[in-house]
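**Student:** So here's my_file04.cif, just mmCIF, C-alpha atoms (C1' of nucleotides):
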```cif
data_work
loop_
_atom_site.label_atom_id
_atom_site.label_comp_id
_atom_site.auth_asym_id
_atom_site.auth_seq_id
_atom_site.Cartn_x
_atom_site.Cartn_y
_atom_site.Cartn_z
CA MET K 1103 45.38 29.89 11.44
CA ASP K 1104 46.74 26.65 10.00
CA ALA K 1105 46.18 22.95 10.37
CA THR K 1106 48.38 22.78 13.44
CA SER K 1107 46.28 25.26 15.36
CA GLY K 1108 43.58 23.90 17.60
CA LYS K 1109 40.87 25.45 15.50
CA GLN K 1110 39.44 23.69 12.51
CA LEU K 1111 39.90 25.12 9.07
CA SER K 1112 36.92 27.28 8.25
CA SER K 1113 35.82 24.94 5.47
CA ASP K 1114 35.69 22.08 7.97
CA ASN K 1115 33.38 23.45 10.58
CA ILE K 1116 29.67 23.16 10.21
CA GLU K 1117 28.98 26.88 10.33
CA SER K 1118 31.04 27.70 7.28
CA ARG K 1119 29.92 24.59 5.50
CA LEU K 1120 26.35 25.74 5.94
CA ARG K 1121 27.24 29.18 4.61
CA VAL K 1122 29.07 27.72 1.64
CA VAL K 1123 25.97 25.87 0.50
CA GLY K 1124 23.80 28.92 1.08
CA LEU K 1125 22.01 27.76 4.21
CA ARG K 1126 21.59 29.95 7.25
CA VAL K 1127 23.48 29.02 10.36
CA THR K 1128 20.86 28.03 12.90
CA GLY K 1129 20.76 26.24 16.21
CA PRO K 1130 18.72 23.27 15.04
CA ARG K 1131 21.05 22.64 12.11
CA ILE K 1132 24.14 22.77 14.25
CA ARG K 1133 22.62 20.56 16.91
CA VAL K 1134 21.49 17.89 14.49
CA PHE K 1135 24.78 17.89 12.64
CA ASN K 1136 26.88 17.70 15.77
CA LEU K 1137 24.77 14.96 17.30
CA LEU K 1138 25.00 12.88 14.15
CA LYS K 1139 28.75 13.33 14.00
CA GLN K 1140 29.17 12.64 17.69
CA ILE K 1141 27.20 9.43 17.95
CA GLY K 1142 28.21 8.09 14.56
CA GLY K 1143 26.33 5.37 12.73
CA HIS K 1144 22.99 5.44 10.95
CA HIS K 1145 19.98 7.16 12.47
CA SER K 1146 16.39 7.87 11.59
CA ALA K 1147 14.75 11.25 12.09
CA ASP K 1148 12.73 9.96 15.03
CA ASP K 1149 15.78 8.42 16.63
CA LEU K 1150 17.57 11.76 16.46
CA SER K 1151 14.49 13.65 17.59
CA LEU K 1152 14.24 11.41 20.63
CA ARG K 1153 17.89 11.91 21.53
CA LEU K 1154 17.69 15.65 21.10
CA ASN K 1155 14.66 15.88 23.31
CA ALA K 1156 16.16 13.64 25.95
CA GLY K 1157 18.66 16.37 26.78
CA LYS K 1158 17.49 19.88 27.46
CA ASP K 1159 18.19 20.94 23.90
CA GLY K 1160 14.74 20.13 22.66
CA MET K 1161 13.54 20.89 19.18
CA SER K 1162 10.39 20.02 17.27
CA ARG K 1163 10.09 16.78 15.40
CA ALA K 1164 9.12 18.63 12.24
CA SER K 1165 12.34 20.61 12.46
CA VAL K 1166 14.39 17.46 12.70
CA PHE K 1167 12.82 16.33 9.45
CA ASN K 1168 13.37 19.72 7.85
CA VAL K 1169 16.97 19.94 8.97
CA LEU K 1170 17.79 16.43 7.81
CA ASN K 1171 16.30 17.21 4.43
CA ASP K 1172 18.24 20.44 4.12
CA LEU K 1173 21.55 19.01 5.27
CA SER K 1174 21.32 15.95 3.09
CA SER K 1175 20.27 17.73 -0.04
CA ALA K 1176 23.13 20.15 0.53
CA GLY K 1177 25.47 17.19 0.83
CA LEU K 1178 26.52 17.91 4.42
CA ILE K 1179 25.19 14.60 5.65
CA MET K 1180 24.45 11.41 3.80
CA LEU K 1181 21.15 9.68 3.30
CA SER K 1182 22.13 6.02 3.63
CA ASP K 1183 20.56 3.66 1.17
CA ALA K 1184 19.42 0.75 3.27
CA GLY K 1185 16.30 -0.31 1.45
CA PRO K 1186 12.66 0.76 1.61
CA GLY K 1187 11.26 2.08 4.86
CA ARG K 1188 12.32 4.99 6.97
CA ALA K 1189 15.31 7.09 6.06
CA PHE K 1190 18.64 6.76 7.83
CA TYR K 1191 21.19 9.54 7.92
CA GLU K 1192 24.85 9.66 8.83
CA ALA K 1193 27.61 12.22 9.01
CA SER K 1194 30.49 10.66 7.17
CA ASP K 1195 33.31 12.23 5.23
CA THR K 1196 34.09 9.31 3.00
CA TRP K 1197 31.85 7.75 0.46
CA HIS K 1198 30.93 4.17 1.27
CA HIS K 1199 28.30 1.50 0.87
CA HIS K 1200 26.14 -0.57 3.21
CA PHE K 1201 25.54 -4.10 4.29
CA VAL K 1202 22.05 -4.68 5.68
CA CYS K 1203 21.37 -7.83 7.68
CA ARG K 1204 18.25 -9.64 6.50
CA ASN K 1205 17.55 -10.82 10.00
CA CYS K 1206 18.34 -8.06 12.49
CA HIS K 1207 18.31 -5.24 9.93
CA GLU K 1208 21.46 -3.72 11.32
CA ILE K 1209 23.39 -1.53 8.90
CA PHE K 1210 27.15 -1.88 8.51
CA ASP K 1211 29.42 0.36 6.51
CA VAL K 1212 31.25 -1.18 3.60
CA PRO K 1213 34.18 0.82 2.30
CA CYS K 1214 34.06 1.89 -1.30
CA ALA K 1215 36.96 0.58 -3.35
CA ILE K 1216 37.33 3.84 -5.23
CA GLY K 1217 36.62 6.23 -2.38
CA ARG K 1218 34.79 8.75 -4.45
CA LYS K 1219 31.51 8.77 -6.28
CA PRO K 1220 30.41 7.58 -8.69
CA CYS K 1221 32.44 4.48 -8.00
CA LEU K 1222 30.64 2.19 -10.37
CA GLU K 1223 29.98 2.44 -14.04
CA ALA K 1224 26.38 2.28 -15.15
CA ASP K 1225 25.31 0.77 -18.43
CA LEU K 1226 22.45 3.21 -18.73
CA PRO K 1227 19.31 2.60 -20.74
CA GLY K 1228 20.02 5.55 -23.05
CA PRO K 1229 21.78 8.87 -23.54
CA GLY K 1230 21.00 11.90 -21.43
CA PHE K 1231 21.36 10.29 -18.05
CA ALA K 1232 23.62 12.20 -15.67
CA VAL K 1233 24.78 9.95 -12.85
CA ASP K 1234 26.27 11.65 -9.82
CA GLU K 1235 26.16 8.84 -7.31
CA ALA K 1236 26.22 5.07 -7.11
CA GLN K 1237 25.38 3.42 -3.85
CA VAL K 1238 25.49 -0.31 -3.21
CA ILE K 1239 23.39 -2.27 -0.76
CA PHE K 1240 24.77 -5.64 0.19
CA ARG K 1241 22.33 -8.01 1.85
CA GLY K 1242 22.76 -11.21 3.74
CA LEU K 1243 23.41 -12.27 7.30
CA CYS K 1244 25.68 -10.49 9.72
CA PRO K 1245 28.00 -12.49 11.98
CA ALA K 1246 25.55 -12.39 14.88
CA CYS K 1247 22.73 -13.81 12.75
CA ASN K 1248 24.78 -16.19 10.63
CA PRO K 1249 24.14 -19.76 11.83
CA GLU K 1250 27.54 -20.81 10.47
CA ILE K 1251 29.14 -18.43 12.89
CA ALA K 1252 26.63 -18.32 15.71
CA PRO K 1253 25.07 -21.80 15.94
CA GLY K 1254 21.83 -21.93 17.83
CA VAL K 1255 20.69 -18.62 16.46
CA VAL K 1256 17.26 -18.85 14.92
CA VAL K 1257 17.04 -16.87 11.73
CA ALA K 1258 13.38 -15.95 11.47
CA MET M 1086 5.54 -31.39 -23.36
CA ASP M 1087 8.60 -29.55 -24.59
CA ALA M 1088 9.71 -26.00 -25.26
CA THR M 1089 8.01 -25.98 -28.65
CA SER M 1090 4.60 -26.71 -27.22
CA GLY M 1091 2.38 -23.78 -26.36
CA LYS M 1092 2.50 -24.56 -22.69
CA GLN M 1093 5.24 -23.23 -20.48
CA LEU M 1094 7.63 -25.60 -18.81
CA SER M 1095 6.26 -26.47 -15.40
CA SER M 1096 9.17 -24.75 -13.67
CA ASP M 1097 8.29 -21.55 -15.49
CA ASN M 1098 4.69 -21.10 -14.54
CA ILE M 1099 3.75 -19.38 -11.35
CA GLU M 1100 1.79 -22.30 -9.94
CA SER M 1101 4.73 -24.67 -9.89
CA ARG M 1102 7.09 -21.96 -8.80
CA LEU M 1103 4.87 -21.35 -5.80
CA ARG M 1104 4.84 -25.04 -5.01
CA VAL M 1105 8.59 -25.32 -5.36
CA VAL M 1106 9.15 -22.70 -2.68
CA GLY M 1107 6.54 -24.27 -0.44
CA LEU M 1108 3.79 -21.70 -0.84
CA ARG M 1109 0.20 -22.64 -1.50
CA VAL M 1110 -1.22 -21.85 -4.89
CA THR M 1111 -3.88 -19.23 -4.29
CA GLY M 1112 -5.88 -16.76 -6.33
CA PRO M 1113 -4.41 -13.63 -4.77
CA ARG M 1114 -0.84 -14.81 -5.35
CA ILE M 1115 -1.50 -15.69 -8.94
CA ARG M 1116 -3.31 -12.42 -9.61
CA VAL M 1117 -0.59 -10.26 -8.10
CA PHE M 1118 2.17 -12.11 -9.87
CA ASN M 1119 0.46 -12.04 -13.24
CA LEU M 1120 -0.42 -8.37 -12.97
CA LEU M 1121 3.14 -7.46 -12.07
CA LYS M 1122 4.50 -9.49 -14.97
CA GLN M 1123 1.91 -8.10 -17.37
CA ILE M 1124 2.34 -4.42 -16.68
CA GLY M 1125 6.09 -4.55 -16.10
CA GLY M 1126 8.01 -1.86 -14.28
CA HIS M 1127 8.21 -1.00 -10.62
CA HIS M 1128 5.10 -0.83 -8.47
CA SER M 1129 4.15 -0.15 -4.88
CA ALA M 1130 1.68 -2.26 -2.94
CA ASP M 1131 -0.93 0.47 -3.07
CA ASP M 1132 -0.45 0.94 -6.77
CA LEU M 1133 -1.06 -2.76 -7.35
CA SER M 1134 -3.97 -2.79 -4.92
CA LEU M 1135 -5.59 0.04 -6.82
CA ARG M 1136 -5.17 -1.68 -10.16
CA LEU M 1137 -6.49 -4.98 -8.88
CA ASN M 1138 -9.56 -3.33 -7.44
CA ALA M 1139 -10.19 -1.31 -10.58
CA GLY M 1140 -11.09 -4.50 -12.42
CA LYS M 1141 -13.60 -6.90 -10.95
CA ASP M 1142 -10.86 -9.05 -9.44
CA GLY M 1143 -10.78 -7.21 -6.15
CA MET M 1144 -8.72 -8.29 -3.21
CA SER M 1145 -7.99 -6.73 0.16
CA ARG M 1146 -5.19 -4.25 0.60
CA ALA M 1147 -3.75 -6.31 3.44
CA SER M 1148 -3.57 -9.30 1.14
CA VAL M 1149 -1.63 -7.37 -1.45
CA PHE M 1150 0.93 -6.56 1.23
CA ASN M 1151 0.98 -10.16 2.43
CA VAL M 1152 1.34 -11.58 -1.05
CA LEU M 1153 4.11 -9.17 -2.01
CA ASN M 1154 6.00 -10.11 1.14
CA ASP M 1155 5.57 -13.80 0.49
CA LEU M 1156 6.50 -13.65 -3.16
CA SER M 1157 9.54 -11.46 -2.63
CA SER M 1158 10.95 -13.38 0.28
CA ALA M 1159 10.50 -16.53 -1.76
CA GLY M 1160 12.41 -14.87 -4.59
CA LEU M 1161 9.56 -15.02 -7.10
CA ILE M 1162 9.46 -11.26 -7.45
CA MET M 1163 12.09 -8.63 -6.72
CA LEU M 1164 12.00 -5.86 -4.18
CA SER M 1165 13.67 -3.01 -6.04
CA ASP M 1166 16.07 -0.91 -4.06
CA ALA M 1167 15.18 2.64 -4.93
CA GLY M 1168 15.94 4.42 -1.69
CA PRO M 1169 13.97 5.09 1.47
CA GLY M 1170 10.21 5.37 1.27
CA ARG M 1171 7.65 2.92 0.04
CA ALA M 1172 8.64 -0.43 -1.40
CA PHE M 1173 8.57 -1.12 -5.13
CA TYR M 1174 8.26 -4.58 -6.58
CA GLU M 1175 8.83 -6.01 -10.01
CA ALA M 1176 8.64 -9.34 -11.77
CA SER M 1177 11.92 -9.71 -13.56
CA ASP M 1178 13.89 -12.77 -14.51
CA THR M 1179 17.30 -11.17 -14.65
CA TRP M 1180 19.18 -9.51 -11.87
CA HIS M 1181 19.70 -5.82 -12.47
CA HIS M 1182 20.19 -2.47 -10.80
CA HIS M 1183 18.33 0.83 -10.77
CA PHE M 1184 18.75 4.44 -11.72
CA VAL M 1185 16.54 6.80 -9.73
CA CYS M 1186 15.99 10.33 -11.01
CA ARG M 1187 16.56 12.95 -8.33
CA ASN M 1188 13.93 15.17 -9.87
CA CYS M 1189 11.01 13.06 -11.08
CA HIS M 1190 11.89 9.98 -9.00
CA GLU M 1191 11.30 7.68 -11.90
CA ILE M 1192 13.05 4.33 -11.66
CA PHE M 1193 14.94 2.92 -14.64
CA ASP M 1194 16.49 -0.51 -14.91
CA VAL M 1195 20.24 -0.70 -15.30
CA PRO M 1196 21.52 -4.03 -16.56
CA CYS M 1197 23.91 -5.94 -14.38
CA ALA M 1198 27.07 -7.04 -16.10
CA ILE M 1199 27.04 -10.31 -14.20
CA GLY M 1200 23.30 -10.94 -14.40
CA ARG M 1201 23.04 -12.85 -11.15
CA LYS M 1202 23.56 -12.11 -7.52
CA PRO M 1203 25.67 -11.23 -5.74
CA CYS M 1204 27.39 -9.42 -8.57
CA LEU M 1205 29.80 -7.32 -6.53
CA GLU M 1206 32.40 -8.12 -3.94
CA ALA M 1207 32.11 -6.40 -0.61
CA ASP M 1208 35.10 -5.43 1.45
CA LEU M 1209 33.24 -6.41 4.61
CA PRO M 1210 34.01 -5.07 8.05
CA GLY M 1211 34.85 -8.53 9.41
CA PRO M 1212 34.45 -12.29 9.05
CA GLY M 1213 31.12 -14.04 9.37
CA PHE M 1214 29.17 -11.95 6.91
CA ALA M 1215 27.26 -13.95 4.32
CA VAL M 1216 26.38 -11.75 1.33
CA ASP M 1217 23.73 -13.07 -1.02
CA GLU M 1218 22.87 -9.93 -2.93
CA ALA M 1219 24.37 -6.65 -4.04
CA GLN M 1220 22.08 -4.05 -5.49
CA VAL M 1221 23.24 -0.72 -6.89
CA ILE M 1222 21.27 2.50 -6.90
CA PHE M 1223 22.46 5.09 -9.38
CA ARG M 1224 21.20 8.59 -8.83
CA GLY M 1225 21.21 11.65 -10.99
CA LEU M 1226 19.00 13.20 -13.63
CA CYS M 1227 17.11 11.29 -16.27
CA PRO M 1228 17.02 12.59 -19.86
CA ALA M 1229 13.66 14.32 -19.32
CA CYS M 1230 14.95 16.22 -16.28
CA ASN M 1231 18.49 16.84 -17.49
CA PRO M 1232 18.83 20.51 -18.50
CA GLU M 1233 21.67 19.59 -20.86
CA ILE M 1234 19.26 17.45 -22.78
CA ALA M 1235 15.94 19.15 -22.16
CA PRO M 1236 16.69 22.90 -21.89
CA GLY M 1237 13.98 24.89 -20.18
CA VAL M 1238 13.27 22.18 -17.69
CA VAL M 1239 13.34 23.51 -14.17
CA VAL M 1240 15.03 21.10 -11.80
CA ALA M 1241 13.43 21.83 -8.44
"C1'" DA O 294 -14.75 -36.59 2.52
"C1'" DT O 295 -12.54 -34.89 6.23
"C1'" DA O 296 -9.04 -32.81 8.99
"C1'" DT O 297 -5.37 -29.77 9.27
"C1'" DT O 298 -3.15 -25.80 8.64
"C1'" DA O 299 -2.11 -21.86 5.64
"C1'" DA O 300 -3.90 -17.78 3.60
"C1'" DT O 301 -7.26 -14.06 3.23
"C1'" DT O 302 -9.97 -10.46 4.98
"C1'" DG O 303 -11.59 -6.06 7.09
"C1'" DG O 304 -10.77 -2.85 10.19
"C1'" DA O 305 -8.26 -0.70 13.73
"C1'" DC O 306 -3.88 0.80 14.66
"C1'" DT O 307 1.15 2.37 14.28
"C1'" DT O 308 4.77 4.66 12.22
"C1'" DA O 309 7.00 7.81 9.01
"C1'" DA O 310 6.68 11.85 6.90
"C1'" DT O 311 4.47 16.09 4.93
"C1'" DG O 312 1.64 20.54 4.74
"C1'" DC O 313 0.37 24.69 6.56
"C1'" DA O 314 -0.02 29.17 8.72
"C1'" DA O 315 1.82 31.74 12.51
"C1'" DA O 316 5.82 32.95 15.18
"C1'" DT O 317 10.71 33.49 15.32
"C1'" DA O 318 15.37 34.31 14.10
"C1'" DA O 319 19.25 35.17 10.66
"C1'" DA O 320 21.55 38.14 7.57
"C1'" DG O 321 21.73 42.28 4.74
"C1'" DT O 322 21.38 47.33 4.76
"C1'" DA O 323 21.09 51.99 6.36
"C1'" DT R 622 22.54 49.68 16.28
"C1'" DA R 623 18.00 49.50 14.38
"C1'" DC R 624 15.43 48.05 10.74
"C1'" DT R 625 13.89 45.14 6.91
"C1'" DT R 626 13.61 41.10 4.43
"C1'" DT R 627 13.25 36.49 4.02
"C1'" DA R 628 14.56 31.89 5.65
"C1'" DT R 629 13.66 28.79 9.25
"C1'" DT R 630 11.25 26.87 13.10
"C1'" DT R 631 7.25 25.29 15.37
"C1'" DG R 632 2.94 22.84 16.69
"C1'" DC R 633 -0.65 20.65 15.01
"C1'" DA R 634 -3.43 18.43 11.59
"C1'" DT R 635 -3.14 15.35 7.95
"C1'" DT R 636 -1.59 11.88 4.69
"C1'" DA R 637 0.78 7.71 3.37
"C1'" DA R 638 2.72 3.18 4.10
"C1'" DG R 639 2.57 -0.73 6.44
"C1'" DT R 640 1.40 -3.90 10.37
"C1'" DC R 641 -1.55 -6.43 13.62
"C1'" DC R 642 -5.36 -9.12 14.94
"C1'" DA R 643 -9.00 -12.50 15.36
"C1'" DA R 644 -12.47 -14.50 12.45
"C1'" DT R 645 -13.36 -16.62 8.10
"C1'" DT R 646 -12.18 -19.08 4.08
"C1'" DA R 647 -9.57 -21.99 1.13
"C1'" DA R 648 -5.75 -25.27 -0.08
"C1'" DT R 649 -3.52 -29.49 0.69
"C1'" DA R 650 -2.73 -33.96 2.96
"C1'" DT R 651 -4.90 -38.24 4.64
#
```
Just dump the structure as structure tokens.
**Tutor:**
Amino acid sequence: MDATSGKQLSSDNIESRLRVVGLRVTGPRIRVFNLLKQIGGHHSADDLSLRLNAGKDGMSRASVFNVLNDLSSAGLIMLSDAGPGRAFYEASDTWHHHFVCRNCHEIFDVPCAIGRKPCLEADLPGPGFAVDEAQVIFRGLCPACNPEIAPGVVVA
Amino acid sequence: MDATSGKQLSSDNIESRLRVVGLRVTGPRIRVFNLLKQIGGHHSADDLSLRLNAGKDGMSRASVFNVLNDLSSAGLIMLSDAGPGRAFYEASDTWHHHFVCRNCHEIFDVPCAIGRKPCLEADLPGPGFAVDEAQVIFRGLCPACNPEIAPGVVVA
DNA sequence: ATATTAATTGGACTTAATGCAAATAAAGTA
DNA sequence: TACTTTATTTGCATTAAGTCCAATTAATAT
């Protein structure tokens, strides 16, 4: 089996990735991961729970929370920093940052110049800090809410 | 009145700063602002509410939320990006970033090389975005939770 | 001093997330 | 395959964070 075969390399599919990080391969985990990958973008636990229960592949809300916690702490999905409030998750293979609109609160991906993490140097308050990630949140107005671009729009 | 007098410049005290941004000067706003400045650090609404009601200067929980919203959207205090979950506020005069420990969740300030916002360029997904702020969250282990520094510490 | 309008308040309510104990299912072993 | 062990899932109760509302109070303008 090589890259030209239809099958994915074992390290690329979710089942082996779960095994690699020492998590059991379970239905709920596969469903959540696949959904996230399929729909793309940034989603809260309740958003995903709703979508999963819309189809016939229901699963408990608590499990969605559990799974998201497990997958994100194992690094299989990303917990997007988008400010205080509920947590948003995404299945992305490349490290990136976020732009959050102050008006409509939509989240946009912003590519990371370096493409790996940490991509920014920290001038830390002392020795002993071990940084493994640097995530940037850009804030402002998105094109749809920017009065310069979309005149007539009322920015609350 | 000049800088050598005991009094602060009018633009430096909270009362005039409130007026400048078009907010009324009220007891609750002054109390919250002063407390935040006095104790320093990063605090949630409920934390501040608790402290305010510990003394005899009580005020309603809803007001603490209202005041924090007003002050932060007016730019008089800063809403610290520290990841999903409850909101943390601080009264700081210089723009800076944050390090959040993955284990104990403590928040540390990380100076910003530029010192004002936005301090980073975003490679935005299209035209029409107006960025006014870029805040970085560094994650990892703080000295107290770093096993390299504090052997014997169990990182959950 | 009065009128106007903003801010505060308490309490109910919503939303996001966690805790727990019982039931279930995955993976290792014989 | 059957069995055993232990992780995971589940439903429900609970906590935590924040918002909403209509009535009251207080700040500013006149």
**Student:** Compute the set of chain K residues within 12 Å of chain R, using all atoms listed in the file, and express it as a compact mmCIF listing (two decimals) with C-alpha atoms, in the coordinates of the input.
**Tutor:**
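Final output, saved to out-v2.txt:
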```
# COMPACT_ATOMS: atom_id res chain seq x y z
CA GLY K 1124 23.80 28.92 1.08
CA LEU K 1125 22.01 27.76 4.21
CA ARG K 1126 21.59 29.95 7.25
CA VAL K 1127 23.48 29.02 10.36
CA THR K 1128 20.86 28.03 12.90
CA GLY K 1129 20.76 26.24 16.21
CA PRO K 1130 18.72 23.27 15.04
CA ARG K 1131 21.05 22.64 12.11
CA GLY K 1160 14.74 20.13 22.66
CA MET K 1161 13.54 20.89 19.18
CA SER K 1162 10.39 20.02 17.27
CA ARG K 1163 10.09 16.78 15.40
CA ALA K 1164 9.12 18.63 12.24
CA SER K 1165 12.34 20.61 12.46
CA VAL K 1166 14.39 17.46 12.70
CA PHE K 1167 12.82 16.33 9.45
CA ASN K 1168 13.37 19.72 7.85
CA VAL K 1169 16.97 19.94 8.97
CA ASP K 1172 18.24 20.44 4.12
CA PRO K 1186 12.66 0.76 1.61
CA GLY K 1187 11.26 2.08 4.86
CA ARG K 1188 12.32 4.99 6.97
```
**Student:** Between atom C1' of O:DG304 and atom CA of M:Ala1130, what is the distance in Å, rounded to a tenth?
**Tutor:**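 Separation of atom C1' of O:DG304 and atom CA of M:Ala1130: 18.1 Å.
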**Student:** Quick one: superpose chain K onto chain M using all C-alpha atoms paired in order, least squares, and give it to me as a compact mmCIF listing (two decimals) with C-alpha atoms, keeping the file's coordinate frame.
**Tutor:**
```txt
# COMPACT_ATOMS: atom_id res chain seq x y z
CA MET K 1103 5.71 -31.61 -23.15
CA ASP K 1104 8.81 -29.76 -24.34
CA ALA K 1105 9.89 -26.22 -24.99
CA THR K 1106 8.29 -26.21 -28.42
CA SER K 1107 4.85 -26.96 -27.06
CA GLY K 1108 2.58 -24.05 -26.33
CA LYS K 1109 2.60 -24.78 -22.64
CA GLN K 1110 5.26 -23.43 -20.37
CA LEU K 1111 7.63 -25.76 -18.63
CA SER K 1112 6.24 -26.57 -15.22
CA SER K 1113 9.11 -24.80 -13.47
CA ASP K 1114 8.25 -21.61 -15.37
CA ASN K 1115 4.65 -21.13 -14.47
CA ILE K 1116 3.67 -19.40 -11.31
CA GLU K 1117 1.70 -22.29 -9.87
CA SER K 1118 4.62 -24.67 -9.79
CA ARG K 1119 7.00 -21.97 -8.73
CA LEU K 1120 4.78 -21.32 -5.74
CA ARG K 1121 4.72 -25.03 -4.93
CA VAL K 1122 8.48 -25.32 -5.27
CA VAL K 1123 9.03 -22.69 -2.61
CA GLY K 1124 6.41 -24.25 -0.36
CA LEU K 1125 3.68 -21.67 -0.79
CA ARG K 1126 0.08 -22.60 -1.45
CA VAL K 1127 -1.34 -21.79 -4.83
CA THR K 1128 -3.98 -19.15 -4.24
CA GLY K 1129 -5.95 -16.70 -6.30
CA PRO K 1130 -4.48 -13.56 -4.77
CA ARG K 1131 -0.93 -14.77 -5.33
CA ILE K 1132 -1.56 -15.65 -8.94
CA ARG K 1133 -3.36 -12.39 -9.61
CA VAL K 1134 -0.65 -10.23 -8.11
CA PHE K 1135 2.11 -12.11 -9.86
CA ASN K 1136 0.43 -12.03 -13.24
CA LEU K 1137 -0.44 -8.36 -12.98
CA LEU K 1138 3.12 -7.47 -12.07
CA LYS K 1139 4.47 -9.50 -14.96
CA GLN K 1140 1.91 -8.12 -17.37
CA ILE K 1141 2.34 -4.44 -16.69
CA GLY K 1142 6.08 -4.59 -16.11
CA GLY K 1143 8.04 -1.91 -14.31
CA HIS K 1144 8.20 -1.00 -10.64
CA HIS K 1145 5.07 -0.81 -8.52
CA SER K 1146 4.12 -0.13 -4.94
CA ALA K 1147 1.62 -2.22 -3.00
CA ASP K 1148 -0.99 0.52 -3.18
CA ASP K 1149 -0.47 0.97 -6.89
CA LEU K 1150 -1.10 -2.73 -7.43
CA SER K 1151 -4.01 -2.76 -5.01
CA LEU K 1152 -5.62 0.08 -6.93
CA ARG K 1153 -5.19 -1.68 -10.26
CA LEU K 1154 -6.53 -4.94 -8.94
CA ASN K 1155 -9.59 -3.27 -7.53
CA ALA K 1156 -10.21 -1.29 -10.68
CA GLY K 1157 -11.12 -4.50 -12.47
CA LYS K 1158 -13.64 -6.87 -10.98
CA ASP K 1159 -10.92 -9.01 -9.46
CA GLY K 1160 -10.87 -7.16 -6.20
CA MET K 1161 -8.80 -8.21 -3.24
CA SER K 1162 -8.06 -6.61 0.11
CA ARG K 1163 -5.24 -4.16 0.51
CA ALA K 1164 -3.83 -6.17 3.39
CA SER K 1165 -3.64 -9.20 1.13
CA VAL K 1166 -1.70 -7.29 -1.47
CA PHE K 1167 0.85 -6.48 1.21
CA ASN K 1168 0.90 -10.07 2.43
CA VAL K 1169 1.26 -11.51 -1.05
CA LEU K 1170 4.04 -9.12 -2.01
CA ASN K 1171 5.90 -10.04 1.15
CA ASP K 1172 5.49 -13.75 0.52
CA LEU K 1173 6.42 -13.62 -3.14
CA SER K 1174 9.44 -11.44 -2.60
CA SER K 1175 10.83 -13.35 0.31
CA ALA K 1176 10.41 -16.52 -1.72
CA GLY K 1177 12.33 -14.87 -4.54
CA LEU K 1178 9.48 -15.01 -7.06
CA ILE K 1179 9.40 -11.26 -7.43
CA MET K 1180 12.02 -8.66 -6.67
CA LEU K 1181 11.92 -5.88 -4.14
CA SER K 1182 13.61 -3.05 -6.03
CA ASP K 1183 16.04 -0.97 -4.07
CA ALA K 1184 15.15 2.58 -4.94
CA GLY K 1185 15.92 4.36 -1.71
CA PRO K 1186 13.94 5.03 1.46
CA GLY K 1187 10.18 5.33 1.28
CA ARG K 1188 7.60 2.90 0.05
CA ALA K 1189 8.57 -0.43 -1.41
CA PHE K 1190 8.53 -1.10 -5.13
CA TYR K 1191 8.22 -4.58 -6.58
CA GLU K 1192 8.81 -6.01 -10.02
CA ALA K 1193 8.60 -9.35 -11.74
CA SER K 1194 11.88 -9.71 -13.55
CA ASP K 1195 13.85 -12.78 -14.47
CA THR K 1196 17.24 -11.16 -14.70
CA TRP K 1197 19.14 -9.52 -11.95
CA HIS K 1198 19.68 -5.81 -12.50
CA HIS K 1199 20.16 -2.48 -10.81
CA HIS K 1200 18.32 0.84 -10.75
CA PHE K 1201 18.74 4.44 -11.70
CA VAL K 1202 16.53 6.79 -9.69
CA CYS K 1203 16.00 10.33 -10.95
CA ARG K 1204 16.57 12.92 -8.24
CA ASN K 1205 13.95 15.15 -9.76
CA CYS K 1206 11.02 13.07 -10.99
CA HIS K 1207 11.88 9.98 -8.95
CA GLU K 1208 11.28 7.68 -11.86
CA ILE K 1209 13.04 4.33 -11.66
CA PHE K 1210 14.94 2.92 -14.63
CA ASP K 1211 16.47 -0.51 -14.91
CA VAL K 1212 20.21 -0.71 -15.30
CA PRO K 1213 21.52 -4.03 -16.54
CA CYS K 1214 23.95 -5.84 -14.33
CA ALA K 1215 27.30 -6.48 -15.98
CA ILE K 1216 27.56 -9.95 -14.50
CA GLY K 1217 23.93 -10.98 -14.79
CA ARG K 1218 23.84 -12.92 -11.59
CA LYS K 1219 24.08 -12.01 -7.95
CA PRO K 1220 26.15 -11.14 -6.11
CA CYS K 1221 27.70 -9.14 -8.91
CA LEU K 1222 29.94 -7.00 -6.79
CA GLU K 1223 32.58 -7.89 -4.30
CA ALA K 1224 32.20 -6.51 -0.81
CA ASP K 1225 35.13 -5.60 1.37
CA LEU K 1226 33.23 -6.57 4.48
CA PRO K 1227 33.95 -5.22 7.94
CA GLY K 1228 34.83 -8.68 9.28
CA PRO K 1229 34.46 -12.44 8.92
CA GLY K 1230 31.13 -14.18 9.23
CA PHE K 1231 29.20 -12.06 6.80
CA ALA K 1232 27.28 -14.06 4.20
CA VAL K 1233 26.39 -11.87 1.24
CA ASP K 1234 23.74 -13.19 -1.11
CA GLU K 1235 22.86 -10.06 -3.02
CA ALA K 1236 24.35 -6.76 -4.11
CA GLN K 1237 22.08 -4.13 -5.51
CA VAL K 1238 23.21 -0.78 -6.86
CA ILE K 1239 21.26 2.45 -6.89
CA PHE K 1240 22.47 5.03 -9.35
CA ARG K 1241 21.21 8.56 -8.79
CA GLY K 1242 21.21 11.64 -10.92
CA LEU K 1243 19.01 13.20 -13.54
CA CYS K 1244 17.12 11.32 -16.20
CA PRO K 1245 17.02 12.65 -19.77
CA ALA K 1246 13.67 14.37 -19.22
CA CYS K 1247 14.96 16.25 -16.17
CA ASN K 1248 18.50 16.88 -17.36
CA PRO K 1249 18.82 20.56 -18.34
CA GLU K 1250 21.68 19.66 -20.70
CA ILE K 1251 19.28 17.55 -22.66
CA ALA K 1252 15.97 19.26 -22.02
CA PRO K 1253 16.70 23.00 -21.73
CA GLY K 1254 13.98 24.98 -20.07
CA VAL K 1255 13.23 22.25 -17.60
CA VAL K 1256 13.29 23.51 -14.05
CA VAL K 1257 14.96 21.06 -11.74
CA ALA K 1258 13.38 21.76 -8.37
```
